[in-house]
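A.B. asks: Handing you a structure now.
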Amino acid sequence: MSELDTFSQLPTPFASALIRRGYSELTPVQSAVLAPELRGKDLRISSRTGSGKTVALGLVVGPLLLDRPTPPNAPTSLCARPRILLVAPTRELAAQIGRELEWLYADLRVGVCTVTGGTNISSERRQLARGPLVIVGTPGRLCDHLARGAIDLADTEAMVLDEADQMLELGFREALETLLGQLPETSRRHLVSATFPRAVLALASQFQKAAVTVTGSAPETAHEDITHLAYLVHPRERYAALVNVLLMAPDERTLVFVRTRVDAAEVAARLAADGLRAGALSGELAQAERTRMLDAFRVGTLAILVCTDVASRGLDVPEVARVIHAELPSAPEVLTHRSGRTGRAGRKGTSIMLVAGNERGPAEFLLMRAGIHAELLIAPTQSVVRAEIERRLLEELTAEVEPVEPVEGVEPTPATPAAPADQALAEKLLASVGPERAVERLLARLRRQGPSEPHPVTTLPLHDTRTPVRVARAPQRRAPTHRRARHG
């Protein structure tokens, strides 16, 4: 069977794009939205973070672009008349959606334009004048272009609201209503989110018609790729515990969540002063600074990114190994979203919650409502961290190069010898102080060059008169793949 046969249910332009991207099969949510009975319906797409919802979106609205005339190279109007409009709460999420749709729609040559606050509006107007058929943007900036006549939604056949819950929290209801009010009556209106709180459903009922809910993954499988841990800490030792947790694996790509932009800047600065490769990301940063910080995190220059919940929306950084909740999330949906930054695309990840002694009750309630099983542990002490550092160092120093399997007719490549200067220096050092003293001094130098020393923390008892944080997964009934939404 050819690769195209694998995606036989898709139009050729989309199948070819998926193959070029390295897809061997569709994810559950991507398969679910392609059910024949959903064609022409308004959808509420719900699936866990990192499950491929953006591509699922593209596959839902993409057929509207087929058999459309390619826009001319030269602009014929200063006003863009998109067929598809996608709205996201943050610049990062809008940019991520735009990048995904560019490769998915590459064979259609329809033009994908992303417009967001914090970027040059004149440059965006020049892009809009080229007549893109797909526009992705944040609510405020889209309304700006609409008011200035740079966008006309009269021909828009589908509008998608991604993470509508976050847009409502950020106060974008008026902007969303403005955009929705400009749509033709016949247009499709889709909602996408990992969760659907009551406020989002109320908004949806105002503009969707006979909506159908599509669930990509059953609730009870939403956390299988993520190990959840809760470390009990003294209220005044939260930062010390955070440092110790990070020192257990200082080079792992880690997101640390705090509540405010001030907290993000302060914690990142303290971590950097302690020798850890940390930076801060918050919604108030200029776009250029946000881009620089994210690029440094993606390439590994920064191993730790301290961020707020708003700034984390749309982060799609591969191989995030850990998420650390330095402060408790404000709601189960926030916990789900934060944790979903790791364990993505089949990779394993760890979500760690720092729980002060007086927060055990709220933490337990939060975990129970989110349906998450977390194991309560003692925060890593100085001796535990030092033992882990020594274990890791010993493993690195004693690691041998993996032997290469011999290939018939091919001469094996000899091991790279030490540089003559290094050999000479080693001989002088051994002759001067002896092997044991030489190793001791080198190890001491290695420790001084590494991150900070572990911080002292108080060992709190795991068990007291209250119920421990170890919470069994709440029983949940398997949701159907799709069902007709109820309207109040």
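Every chain in the structure tokens has a letter given in the order shown (A, B, ...), and although residue numbers restart at 1 in each chain, ligands are simply numbered from 1 in the order shown.
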Pull the alpha helix (DSSP H) assignments for range 218-313 of chain A out of DSSP run on the backbone, and list those residues as a PDB file with C-alpha atoms, in the first residue's frame.
C.D. replies:
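Result saved to selection34.pdb:
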```
ATOM      1  CA  ARG A 238       9.220  27.368  47.804  1.00  0.00           C
ATOM      2  CA  TYR A 239      12.119  28.875  45.850  1.00  0.00           C
ATOM      3  CA  ALA A 240      14.699  26.666  47.593  1.00  0.00           C
ATOM      4  CA  ALA A 241      12.642  23.582  46.701  1.00  0.00           C
ATOM      5  CA  LEU A 242      12.320  24.792  43.094  1.00  0.00           C
ATOM      6  CA  VAL A 243      16.116  25.092  42.787  1.00  0.00           C
ATOM      7  CA  ASN A 244      16.625  21.612  44.210  1.00  0.00           C
ATOM      8  CA  VAL A 245      14.060  20.084  41.848  1.00  0.00           C
ATOM      9  CA  LEU A 246      15.745  21.779  38.883  1.00  0.00           C
ATOM     10  CA  LEU A 247      19.214  20.630  40.014  1.00  0.00           C
ATOM     11  CA  ARG A 261       4.876  38.768  35.051  1.00  0.00           C
ATOM     12  CA  VAL A 262       6.682  40.224  38.097  1.00  0.00           C
ATOM     13  CA  ASP A 263       7.037  36.728  39.551  1.00  0.00           C
ATOM     14  CA  ALA A 264       8.326  35.423  36.208  1.00  0.00           C
ATOM     15  CA  ALA A 265      11.020  38.099  35.955  1.00  0.00           C
ATOM     16  CA  GLU A 266      12.061  37.748  39.605  1.00  0.00           C
ATOM     17  CA  VAL A 267      12.236  33.939  39.655  1.00  0.00           C
ATOM     18  CA  ALA A 268      14.110  33.798  36.332  1.00  0.00           C
ATOM     19  CA  ALA A 269      16.645  36.367  37.560  1.00  0.00           C
ATOM     20  CA  ARG A 270      17.239  34.436  40.786  1.00  0.00           C
ATOM     21  CA  LEU A 271      17.654  31.159  38.920  1.00  0.00           C
ATOM     22  CA  ALA A 272      20.136  32.749  36.517  1.00  0.00           C
ATOM     23  CA  ALA A 273      22.075  34.162  39.475  1.00  0.00           C
ATOM     24  CA  GLN A 287       7.306  40.878  20.523  1.00  0.00           C
ATOM     25  CA  ALA A 288      11.001  40.945  19.585  1.00  0.00           C
ATOM     26  CA  GLU A 289      11.987  39.996  23.144  1.00  0.00           C
ATOM     27  CA  ARG A 290       9.378  37.220  23.308  1.00  0.00           C
ATOM     28  CA  THR A 291      10.649  35.808  20.018  1.00  0.00           C
ATOM     29  CA  ARG A 292      14.264  35.959  21.195  1.00  0.00           C
ATOM     30  CA  MET A 293      13.411  34.203  24.458  1.00  0.00           C
ATOM     31  CA  LEU A 294      11.420  31.447  22.746  1.00  0.00           C
ATOM     32  CA  ASP A 295      14.131  30.866  20.141  1.00  0.00           C
ATOM     33  CA  ALA A 296      16.737  30.524  22.901  1.00  0.00           C
ATOM     34  CA  PHE A 297      14.520  27.981  24.665  1.00  0.00           C
ATOM     35  CA  ARG A 298      13.867  26.025  21.460  1.00  0.00           C
ATOM     36  CA  VAL A 299      17.548  25.683  20.539  1.00  0.00           C
ATOM     37  CA  ASP A 309      -0.313  31.154  32.046  1.00  0.00           C
ATOM     38  CA  VAL A 310      -1.117  33.783  29.411  1.00  0.00           C
ATOM     39  CA  ALA A 311       2.384  33.626  27.932  1.00  0.00           C
ATOM     40  CA  SER A 312       2.279  29.842  27.734  1.00  0.00           C
TER      41      SER A 312
END
```
A.B. asks: What's the 8 Å shell around range 336-353 of chain A, counting only C-alpha atoms, without same-chain residues fewer than 2 positions away, as a ChimeraX atom specification?
C.D. replies: /A:48-52,194,225-231,257,309,312,315-328,332-334,355,370
A.B. asks: Produce a file of the selected residues containing C-alpha atoms, as a compact mmCIF listing (two decimals), in the first residue's frame.
C.D. replies:
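Once everything was written out, this is out_2.txt:
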```
# COMPACT_ATOMS: atom_id res chain seq x y z
CA ARG A 48 -6.00 16.97 24.99
CA THR A 49 -3.17 19.43 24.43
CA GLY A 50 -0.57 18.20 21.96
CA SER A 51 -2.95 15.79 20.22
CA GLY A 52 -2.82 17.47 16.80
CA ALA A 194 -8.86 21.16 25.52
CA ASP A 225 2.11 10.25 28.81
CA ILE A 226 2.61 12.49 31.85
CA THR A 227 3.82 11.46 35.29
CA HIS A 228 2.34 13.76 37.94
CA LEU A 229 4.27 14.42 41.15
CA ALA A 230 3.55 16.72 44.12
CA TYR A 231 6.44 17.85 46.33
CA PHE A 257 4.79 28.36 35.88
CA ASP A 309 -0.31 31.15 32.05
CA SER A 312 2.28 29.84 27.73
CA LEU A 315 3.89 27.35 23.14
CA ASP A 316 4.76 24.42 20.92
CA VAL A 317 8.31 23.58 21.92
CA PRO A 318 9.37 19.98 21.28
CA GLU A 319 10.86 17.79 23.97
CA VAL A 320 9.80 19.76 27.05
CA ALA A 321 10.72 17.18 29.66
CA ARG A 322 9.23 18.82 32.74
CA VAL A 323 6.56 21.26 33.78
CA ILE A 324 6.91 22.69 37.30
CA HIS A 325 3.98 24.46 38.95
CA ALA A 326 5.93 26.76 41.27
CA GLU A 327 2.55 28.06 42.41
CA LEU A 328 -0.73 26.16 42.36
CA PRO A 332 -8.41 22.40 36.88
CA GLU A 333 -8.43 23.70 33.29
CA VAL A 334 -5.24 25.67 33.98
CA VAL A 355 2.59 22.18 47.43
CA ALA A 370 -8.84 17.49 36.98
```
A.B. asks: With only C-alpha atoms as the basis for distance, which of A:Arg21, A:Arg369, A:Arg259, A:Lys209 is at the shortest distance from Glu102 in chain A?
C.D. replies: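 The answer is A:Arg21, which sits nearest to Glu102 in chain A.
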A.B. asks: So what do you get for CA of Met167 in chain A versus CA of Ala154 in chain A, distance-wise?
C.D. replies: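 Computed distance, CA of Met167 in chain A to CA of Ala154 in chain A, equals 23.5 Å.
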A.B. asks: Work out how far apart CA of Leu443 in chain A and CA of Glu390 in chain A are and give it in Å to one decimal.
C.D. replies: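 For CA of Leu443 in chain A relative to CA of Glu390 in chain A, the distance reads 9.7 Å.
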A.B. asks: To one decimal in Å, tell me the separation between CA of Gly111 in chain A and CA of Arg44 in chain A.
C.D. replies: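 Atom-to-atom, CA of Gly111 in chain A and CA of Arg44 in chain A are spaced 25.8 Å apart.
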A.B. asks: Leaving out Val29 in chain A and any residue of its chain fewer than 2 positions from it, which residues lie within 9 Å of it when counting only C-alpha atoms, given as a VMD selection string?
C.D. replies: chain A and resid 26 to 27 31 to 34 45 to 47 51 to 53 56 214 to 217
A.B. asks: Ranking A:Glu37, A:Phe365, A:Ala331, A:Glu92 by minimum distance to Leu281 in chain A and counting only C-alpha atoms, which one comes first?
C.D. replies: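 Of all the options, A:Glu92 lies closest to Leu281 in chain A.
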A.B. asks: Which one of A:Leu442, A:Pro329, A:Phe14, A:Leu276 sits closest to Leu305 in chain A if you count only C-alpha atoms?
C.D. replies: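 Between A:Leu442, A:Pro329, A:Phe14, A:Leu276, the residue approaching Leu305 in chain A most closely is A:Leu276.
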A.B. asks: Which residues in range 241-456 of chain A does DSSP call strand (DSSP E or B)? List them as a list in words.
C.D. replies: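 So the strand (DSSP E or B) residues in range 241-456 of chain A would be Thr254, Leu255, Val256, Phe257, Ala278, Gly279, Ala280, Leu281, Ile304, Leu305, Val306, Cys307, Arg322, Val323, Ile324, His325, Gly349, Thr350, Ser351, Ile352, Met353, Leu354, Val355, Ala356, Glu375, Leu376, Leu377 and Ile378 of chain A.
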